[in-house]
Amino acid sequence: MFAERTNWNLTGNRLSEALARHRASGKPLFDLTASNPTECSFAYDSELILAALHNPAALRYEPNPKGLESTRLAVTEYYSARGVAISAEDIVLTSSTSEAYSFVFRLLCNPGDELLIPAPSYPLFGFLADILDVKLVRYPLIYDHGWQIDLHSLQQAITARTRGVIVVNPNNPTGHFVKAAELARLNEFCAVREMALIADEVFLDFSLQNSRPRSFASSHQALTFTLSGLSKICGLPQMKLAWIAVSGPSDEQAQALARLEVIADAYLSVGTPVQLATPELLRTRAEFQAQVIARVQENLRELDAQLSRQSACNRLLCEGGWAAVLRVPAVRSDEDLAITLLSKEGVFVHPGHFYDFAQPGYVIVSLIVREDEFAESIRRALSHFK
């Protein structure tokens with residue numbers, strides 16, 4: 001009855017079952033996997049946000065495949081503030097970055113075509129690829145006093161069916177920003193082979209460095225699709241608005257936009273109220289981002305202080321984003337370790353294999369957990385290694 005593409009193993013894994021048991025027991029849970037900003041005690045300008053949604057124009061339906069022009073102009077202002085000039089006509093609105101990925105995948109790939117994705121990276125890609133009949137081929141990020149793309153391995157992974165390269169800037173969970181030299185090589189690879197660049201920049205604004213990272217939206221050598229949205233930029237995942245910014249050689253860009261417009265017209269998925277509210281919602285981002293960055297920096301200071309008092313674990317360099325990667329003794333699988341930390345210490349972490357780490361010995365912790373909860377969670381987790 002059902003399509004093979006949805007023939008996933010839907011039984012719970014050992015970690016999810018352990019978490020369910022822990023919750024059912026009523027014992028305290030110290031959750032170091034938190035990623036929903038609306039549940040992490042950040043302050044929102046609720047009056048402004050709710051007022052932005054109270055717009056009489058929302059009672060009128062004006063379908064536009066790319067989205068309302070006023071909303072797309074607000075997105076161009078966001079990029080202008082980063083020094084990137086982009087036209088509203090080069091923006092396509094979507095309801096989420098997942099939908100943005102699906103539009104781009106459908107645009108580029110026939111069934112069985114390939115896209116290159118980084119490893120480690122977020123596990124969402126596998127499900128999207130299955131649903132859209134796309135094959136994912138991994139290229140490694142390597143760590144040597146900081147993360148970098150293994151460009152040689154990436155080049156070796158390209159085949160006749162490769163349609164594009166996905167980059168996450170900064171990567172989730174490693175926090176690695178694509179460097180200028182890497183961007184130049186990626187543009188070169190893709191332009192010569194007529195492949196696309198797909199850049200996920202939802203965490204772009206959350207840099208822990210003094211310099212401002214460059215957006216892929218400024219790239220024009222290869223056809224480039226830059227994805228972002230309100231979910232992370234403004235900490236408003238419930239508003240369901242994201243976008244695709246299309247750049248590159250003019251002919252390829254024009255063809256891509258024309259085809260994306262047809263795909264978007266088939267769905268018309270973005271609600272009018274949130275589109276009308278977006279200009280105001282984007283104005284709230286500075287205050288939200290300042291809170292997040294302050295918390296991430298404080299939690300990193302606390303993490304480093306606790307790590308300095310022991311020798312079993314250490315933290316890998318993090319340049320941005322909301323997560324940290326801990327290197328731990330590889331005496332068992334990461335899943336076994338996560339289950340042990342949950343059952344014995346009440347601390348819930350993500351095992352490295354969840355993010356496609358090739359070897360055991362890594363766990364990922366969220367840095368947006370409230371500071372007091374984070375400190376206690378890390379204390380409990382590290383006590384396991386004494």
# chains A, B, ... in the order shown; residues from 1 in each chain; ligands from 1
>>> residues_around(residues="Gln209 of chain A", least_positions_apart="3", cutoff="10 Å", atoms="only C-alpha atoms", output="PyMOL selection string")
chain A and resi 206+212-213+318-320
>>> residues_around(residues="Arg315 of chain A", least_positions_apart="6", cutoff="9 Å", atoms="only C-alpha atoms", output="PyMOL selection string")
chain A and resi 303-304+307+324-328
>>> residues_around(residues="Pro63 of chain A", least_positions_apart="6", cutoff="12 Å", atoms="only C-alpha atoms", output="list in words")
Glu69, Leu93, Glu261, Ala264, Asp265, Ala266, Tyr267, Leu268, Ser269, Val270, Gly271, Thr272 and Gln275 of chain A
>>> residues_around(residues="Ala191 of chain A", least_positions_apart="3", cutoff="8 Å", atoms="only C-alpha atoms", output="MDAnalysis selection string")
chainID A and resid 187:188 194:196 221:223
>>> closest_residue(among="A:Leu197, A:Leu10, A:Ile263, A:Leu183", to="Phe103 of chain A", atoms="only C-alpha atoms")
A:Ile263
>>> closest_residue(among="A:Pro329, A:Pro273, A:Pro237, A:Pro118", to="Leu136 of chain A", atoms="only C-alpha atoms")
A:Pro118
>>> closest_residue(among="A:Arg309, A:Arg283, A:Arg259, A:His384", to="Lys66 of chain A", atoms="only C-alpha atoms")
A:Arg259
>>> atom_distance(atom1="atom CA of Lys240 of chain A", atom2="atom CA of Leu128 of chain A")
17.6 Å
